[in-house]
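Colleague: One file: structure.cif (mmCIF, C-alpha atoms).
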```cif
data_input
loop_
_atom_site.label_atom_id
_atom_site.label_comp_id
_atom_site.auth_asym_id
_atom_site.auth_seq_id
_atom_site.Cartn_x
_atom_site.Cartn_y
_atom_site.Cartn_z
CA MET A 1 340.69 -22.66 114.33
CA THR A 2 339.00 -19.37 113.46
CA ASP A 3 339.43 -18.06 117.01
CA LYS A 4 343.13 -18.94 117.00
CA LEU A 5 343.71 -17.28 113.64
CA THR A 6 341.71 -14.19 114.62
CA ASN A 7 343.67 -13.91 117.87
CA LYS A 8 346.82 -13.80 115.74
CA GLY A 9 345.40 -10.85 113.79
CA ILE A 10 344.42 -12.90 110.73
CA GLU A 11 341.12 -12.07 109.05
CA VAL A 12 338.99 -15.17 108.47
CA ARG A 13 336.14 -15.23 105.97
CA TYR A 14 334.11 -18.16 104.68
CA ALA A 15 332.92 -18.16 101.08
CA ILE A 16 330.19 -20.54 100.01
CA HIS A 17 330.14 -21.78 96.43
CA PRO A 18 326.56 -22.05 95.07
CA VAL A 19 326.80 -25.82 94.55
CA ALA A 20 328.84 -26.69 97.66
CA GLY A 21 327.33 -29.32 99.89
CA ARG A 22 324.78 -32.01 99.22
CA MET A 23 321.85 -29.64 98.65
CA PRO A 24 321.23 -25.87 98.48
CA GLY A 25 321.88 -24.26 101.86
CA HIS A 26 323.75 -27.30 103.19
CA MET A 27 327.00 -25.40 103.80
CA ASN A 28 325.15 -22.62 105.63
CA VAL A 29 323.66 -25.23 107.97
CA LEU A 30 327.04 -26.88 108.56
CA LEU A 31 328.72 -23.56 109.30
CA ALA A 32 325.89 -22.57 111.66
CA GLU A 33 326.22 -25.90 113.48
CA ALA A 34 329.96 -25.23 113.79
CA GLU A 35 329.05 -21.86 115.40
CA VAL A 36 330.77 -19.84 112.67
CA PRO A 37 329.74 -16.19 113.15
CA TYR A 38 327.31 -15.07 110.44
CA ASP A 39 329.35 -11.94 109.74
CA GLN A 40 332.22 -14.16 108.54
CA VAL A 41 330.07 -16.11 106.05
CA TYR A 42 329.68 -14.75 102.52
CA GLU A 43 327.78 -15.85 99.48
CA MET A 44 330.11 -16.03 96.54
CA ASP A 45 328.72 -13.01 94.73
CA ASP A 46 329.16 -10.96 97.93
CA ILE A 47 332.83 -11.87 98.40
CA ASN A 48 333.84 -11.67 94.72
CA ALA A 49 333.69 -8.16 93.31
CA GLU A 50 332.88 -9.84 90.03
CA PHE A 51 333.21 -13.44 89.07
CA GLY A 52 333.62 -15.44 85.92
CA GLN A 53 331.77 -18.44 84.63
CA MET A 54 333.15 -21.74 83.40
CA ALA A 55 330.69 -24.10 81.80
CA GLY A 56 327.90 -22.13 83.49
CA MET A 57 329.52 -22.55 86.90
CA PRO A 58 330.59 -19.51 88.96
CA ILE A 59 334.23 -19.35 90.02
CA LEU A 60 335.26 -18.46 93.56
CA GLU A 61 338.26 -16.11 93.29
CA ALA A 62 340.37 -17.95 95.89
CA TYR A 63 343.45 -17.37 93.72
CA LYS A 64 343.46 -13.75 94.94
CA ALA A 65 344.24 -14.84 98.50
CA ARG A 66 347.78 -14.62 99.86
CA THR A 67 347.71 -18.35 100.71
CA VAL A 68 345.21 -21.00 99.62
CA ILE A 69 344.70 -24.33 101.36
CA VAL A 70 342.75 -26.89 99.35
CA ASN A 71 341.56 -30.09 101.00
CA GLU A 72 340.71 -32.65 98.34
CA ARG A 73 340.41 -36.39 97.99
CA SER A 74 342.28 -36.43 94.68
CA MET A 75 343.52 -34.32 91.77
CA ALA A 76 340.60 -35.53 89.63
CA SER A 77 338.81 -33.00 87.44
CA GLY A 78 335.68 -31.40 88.83
CA TYR A 79 332.22 -30.43 87.64
CA ALA A 80 333.25 -29.13 84.21
CA GLY A 81 335.66 -32.01 83.56
CA LEU A 82 338.62 -29.60 83.65
CA ASP A 83 341.71 -29.42 85.82
CA ASN A 84 341.45 -26.79 88.54
CA ASP A 85 344.17 -24.21 87.84
CA LEU A 86 344.12 -23.23 91.51
CA PHE A 87 345.74 -26.59 92.38
CA TYR A 88 348.89 -25.65 90.46
CA ILE A 89 349.52 -22.13 91.76
CA ASP A 90 352.64 -21.81 93.95
CA LYS A 91 350.73 -20.27 96.85
CA THR A 92 348.28 -23.19 96.97
CA MET A 93 348.86 -25.90 99.55
CA MET A 94 347.18 -29.17 98.61
CA VAL A 95 346.10 -31.44 101.46
CA PHE A 96 344.84 -34.92 100.58
CA SER A 97 342.97 -36.36 103.54
CA ASP A 98 339.71 -36.47 105.45
CA ALA A 99 338.63 -32.83 105.91
CA LYS A 100 337.62 -33.26 109.55
CA LYS A 101 340.99 -34.75 110.48
CA VAL A 102 342.84 -32.05 108.55
CA ILE A 103 341.02 -29.22 110.35
CA GLU A 104 341.51 -30.88 113.74
CA ASN A 105 345.26 -31.28 113.09
CA MET A 106 345.62 -27.72 111.77
CA THR A 107 343.81 -26.37 114.83
CA LYS A 108 346.15 -28.29 117.15
CA ALA A 109 349.16 -26.95 115.23
CA LEU A 110 348.01 -23.38 115.93
CA GLU A 111 348.34 -23.89 119.70
#
```
Before anything else, please render the file you have as structure tokens.

Modeller:
Amino acid sequence: MTDKLTNKGIEVRYAIHPVAGRMPGHMNVLLAEAEVPYDQVYEMDDINAEFGQMAGMPILEAYKARTVIVNERSMASGYAGLDNDLFYIDKTMMVFSDAKKVIENMTKALE
């Protein structure tokens, strides 16, 4: 998908939330296995000029993007027990499905 988006002139960057994945560093391993170029992968504090905290948890500033795609299993509250405001912003597209299937289908749609 990244190659197809890049070929269309779209900049692709991956931001890793500090507690994403099953253990520290898990997302880095998954992205490396998926052959994502290292220069497209950012730690959250490197991609956010400054970031806020909610219940001690850093916030990824995805709301600043032109379009946000969120793949979730449900609209249930997250770590802090709060609704995620990002889910309700007009430019956010919510996709409820298996993440692997979603990415495969989105990649096919780019052809």

Colleague: Find the residue from A:Glu61, A:Glu72, A:Glu35, A:Asp85 that sits nearest to Ala99 (chain A); use all atoms listed in the file when measuring.

Modeller: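 Smallest separation from Ala99 (chain A) among the options: A:Glu72.
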
Colleague: When you count only C-alpha atoms, which of these residues is closest to Gln40 (chain A): A:Leu110, A:Asp3, A:Ala15, A:Arg66?

Modeller: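 Closest to Gln40 (chain A), using only C-alpha atoms: A:Ala15.
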
Colleague: So which one's closest to Asp46 (chain A), A:Tyr88, A:Tyr14, A:Arg22, A:Ser74? Using all atoms listed in the file, please.

Modeller: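 Checking each of A:Tyr88, A:Tyr14, A:Arg22, A:Ser74 against Asp46 (chain A), counting all atoms listed in the file, the winner is A:Tyr14.
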
Colleague: To test your reading of the syntax: which residues would the PyMOL selection byres ((chain A and resi 68) around 12) return for the file shown? Reply as a VMD selection string.

Modeller: chain A and resid 60 to 67 69 to 71 86 to 95

Colleague: Keeping C-alpha atoms for every residue in the selection just given, could you write it to a file as a PDB file, in the frame of the given file?

Modeller:
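Saved the output as part.pdb:
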```pdb
ATOM      1  CA  LEU A  60     335.260 -18.460  93.560  1.00  0.00           C
ATOM      2  CA  GLU A  61     338.260 -16.110  93.290  1.00  0.00           C
ATOM      3  CA  ALA A  62     340.370 -17.950  95.890  1.00  0.00           C
ATOM      4  CA  TYR A  63     343.450 -17.370  93.720  1.00  0.00           C
ATOM      5  CA  LYS A  64     343.460 -13.750  94.940  1.00  0.00           C
ATOM      6  CA  ALA A  65     344.240 -14.840  98.500  1.00  0.00           C
ATOM      7  CA  ARG A  66     347.780 -14.620  99.860  1.00  0.00           C
ATOM      8  CA  THR A  67     347.710 -18.350 100.710  1.00  0.00           C
ATOM      9  CA  ILE A  69     344.700 -24.330 101.360  1.00  0.00           C
ATOM     10  CA  VAL A  70     342.750 -26.890  99.350  1.00  0.00           C
ATOM     11  CA  ASN A  71     341.560 -30.090 101.000  1.00  0.00           C
ATOM     12  CA  LEU A  86     344.120 -23.230  91.510  1.00  0.00           C
ATOM     13  CA  PHE A  87     345.740 -26.590  92.380  1.00  0.00           C
ATOM     14  CA  TYR A  88     348.890 -25.650  90.460  1.00  0.00           C
ATOM     15  CA  ILE A  89     349.520 -22.130  91.760  1.00  0.00           C
ATOM     16  CA  ASP A  90     352.640 -21.810  93.950  1.00  0.00           C
ATOM     17  CA  LYS A  91     350.730 -20.270  96.850  1.00  0.00           C
ATOM     18  CA  THR A  92     348.280 -23.190  96.970  1.00  0.00           C
ATOM     19  CA  MET A  93     348.860 -25.900  99.550  1.00  0.00           C
ATOM     20  CA  MET A  94     347.180 -29.170  98.610  1.00  0.00           C
ATOM     21  CA  VAL A  95     346.100 -31.440 101.460  1.00  0.00           C
TER      22      VAL A  95
END
```

Colleague: Taking the file as shown, what set of residues would the PyMOL selection byres ((chain A and resi 31) around 12) give back, as JSON, numbers by chain?

Modeller: {"A": [2, 13, 14, 15, 16, 21, 25, 26, 27, 28, 29, 30, 32, 33, 34, 35, 36, 37, 38, 39, 40, 41, 42]}

Colleague: Could you check which of A:Met44, A:Asp83, A:Asn7, A:Met1 is closest to Ala20 (chain A), using all atoms listed in the file?

Modeller: A:Met44

Colleague: Hey, can you check how far CA of Leu5 (chain A) sits from CA of Ile103 (chain A)?

Modeller: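 A separation of 12.7 Å between them.
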
Colleague: By how many Å are CA of Ile10 (chain A) and CA of Ala109 (chain A) apart?

Modeller: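 Going from CA of Ile10 (chain A) over to CA of Ala109 (chain A), I get 15.5 Å.
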
Colleague: What is the distance between CA of Thr107 (chain A) and CA of Arg73 (chain A), in Å to one decimal?

Modeller: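 Between these atoms lies a distance of 19.9 Å.
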
Colleague: Please enclose the listed atoms of region 100-105 of chain A in an axis-aligned box, pad each side by 3 Å, and write out the centre and the three edge lengths in Å, rounded to one decimal, as lines of an AutoDock Vina configuration file.

Modeller:
```
center_x = 341.4
center_y = -32.0
center_z = 111.1
size_x = 13.6
size_y = 11.5
size_z = 11.2
```

Colleague: Could you please fill out region 64-79 of chain A with N, CA and C atoms and send it back as a PDB file, keeping the file's coordinate frame?

Modeller:
```pdb
ATOM      1  N   LYS A  64     343.061 -15.099  94.524  1.00  0.00           N
ATOM      2  CA  LYS A  64     343.460 -13.750  94.940  1.00  0.00           C
ATOM      3  C   LYS A  64     343.957 -13.711  96.381  1.00  0.00           C
ATOM      4  N   ALA A  65     343.779 -14.796  97.108  1.00  0.00           N
ATOM      5  CA  ALA A  65     344.240 -14.840  98.500  1.00  0.00           C
ATOM      6  C   ALA A  65     345.756 -14.935  98.558  1.00  0.00           C
ATOM      7  N   ARG A  66     346.326 -14.528  99.679  1.00  0.00           N
ATOM      8  CA  ARG A  66     347.780 -14.620  99.860  1.00  0.00           C
ATOM      9  C   ARG A  66     348.214 -16.083  99.911  1.00  0.00           C
ATOM     10  N   THR A  67     347.441 -16.922 100.603  1.00  0.00           N
ATOM     11  CA  THR A  67     347.710 -18.350 100.710  1.00  0.00           C
ATOM     12  C   THR A  67     346.388 -19.087 100.550  1.00  0.00           C
ATOM     13  N   VAL A  68     346.409 -20.195  99.831  1.00  0.00           N
ATOM     14  CA  VAL A  68     345.210 -21.000  99.620  1.00  0.00           C
ATOM     15  C   VAL A  68     345.496 -22.411 100.106  1.00  0.00           C
ATOM     16  N   ILE A  69     344.598 -22.942 100.928  1.00  0.00           N
ATOM     17  CA  ILE A  69     344.700 -24.330 101.360  1.00  0.00           C
ATOM     18  C   ILE A  69     343.513 -25.065 100.761  1.00  0.00           C
ATOM     19  N   VAL A  70     343.799 -26.099  99.978  1.00  0.00           N
ATOM     20  CA  VAL A  70     342.750 -26.890  99.350  1.00  0.00           C
ATOM     21  C   VAL A  70     342.797 -28.290  99.941  1.00  0.00           C
ATOM     22  N   ASN A  71     341.675 -28.735 100.481  1.00  0.00           N
ATOM     23  CA  ASN A  71     341.560 -30.090 101.000  1.00  0.00           C
ATOM     24  C   ASN A  71     340.728 -30.887 100.006  1.00  0.00           C
ATOM     25  N   GLU A  72     341.354 -31.852  99.383  1.00  0.00           N
ATOM     26  CA  GLU A  72     340.710 -32.650  98.340  1.00  0.00           C
ATOM     27  C   GLU A  72     340.971 -34.129  98.587  1.00  0.00           C
ATOM     28  N   ARG A  73     340.166 -34.943  97.950  1.00  0.00           N
ATOM     29  CA  ARG A  73     340.410 -36.390  97.990  1.00  0.00           C
ATOM     30  C   ARG A  73     341.384 -36.814  96.911  1.00  0.00           C
ATOM     31  N   SER A  74     341.403 -36.068  95.798  1.00  0.00           N
ATOM     32  CA  SER A  74     342.280 -36.430  94.680  1.00  0.00           C
ATOM     33  C   SER A  74     342.484 -35.215  93.785  1.00  0.00           C
ATOM     34  N   MET A  75     343.296 -35.381  92.759  1.00  0.00           N
ATOM     35  CA  MET A  75     343.520 -34.320  91.770  1.00  0.00           C
ATOM     36  C   MET A  75     342.571 -34.483  90.576  1.00  0.00           C
ATOM     37  N   ALA A  76     341.544 -35.281  90.725  1.00  0.00           N
ATOM     38  CA  ALA A  76     340.600 -35.530  89.630  1.00  0.00           C
ATOM     39  C   ALA A  76     339.918 -34.235  89.203  1.00  0.00           C
ATOM     40  N   SER A  77     339.510 -34.186  87.949  1.00  0.00           N
ATOM     41  CA  SER A  77     338.810 -33.000  87.440  1.00  0.00           C
ATOM     42  C   SER A  77     337.454 -32.884  88.125  1.00  0.00           C
ATOM     43  N   GLY A  78     336.934 -31.669  88.135  1.00  0.00           N
ATOM     44  CA  GLY A  78     335.680 -31.400  88.830  1.00  0.00           C
ATOM     45  C   GLY A  78     334.476 -31.365  87.919  1.00  0.00           C
ATOM     46  N   TYR A  79     333.528 -30.527  88.290  1.00  0.00           N
ATOM     47  CA  TYR A  79     332.220 -30.430  87.640  1.00  0.00           C
ATOM     48  C   TYR A  79     332.306 -30.287  86.126  1.00  0.00           C
TER      49      TYR A  79
END
```
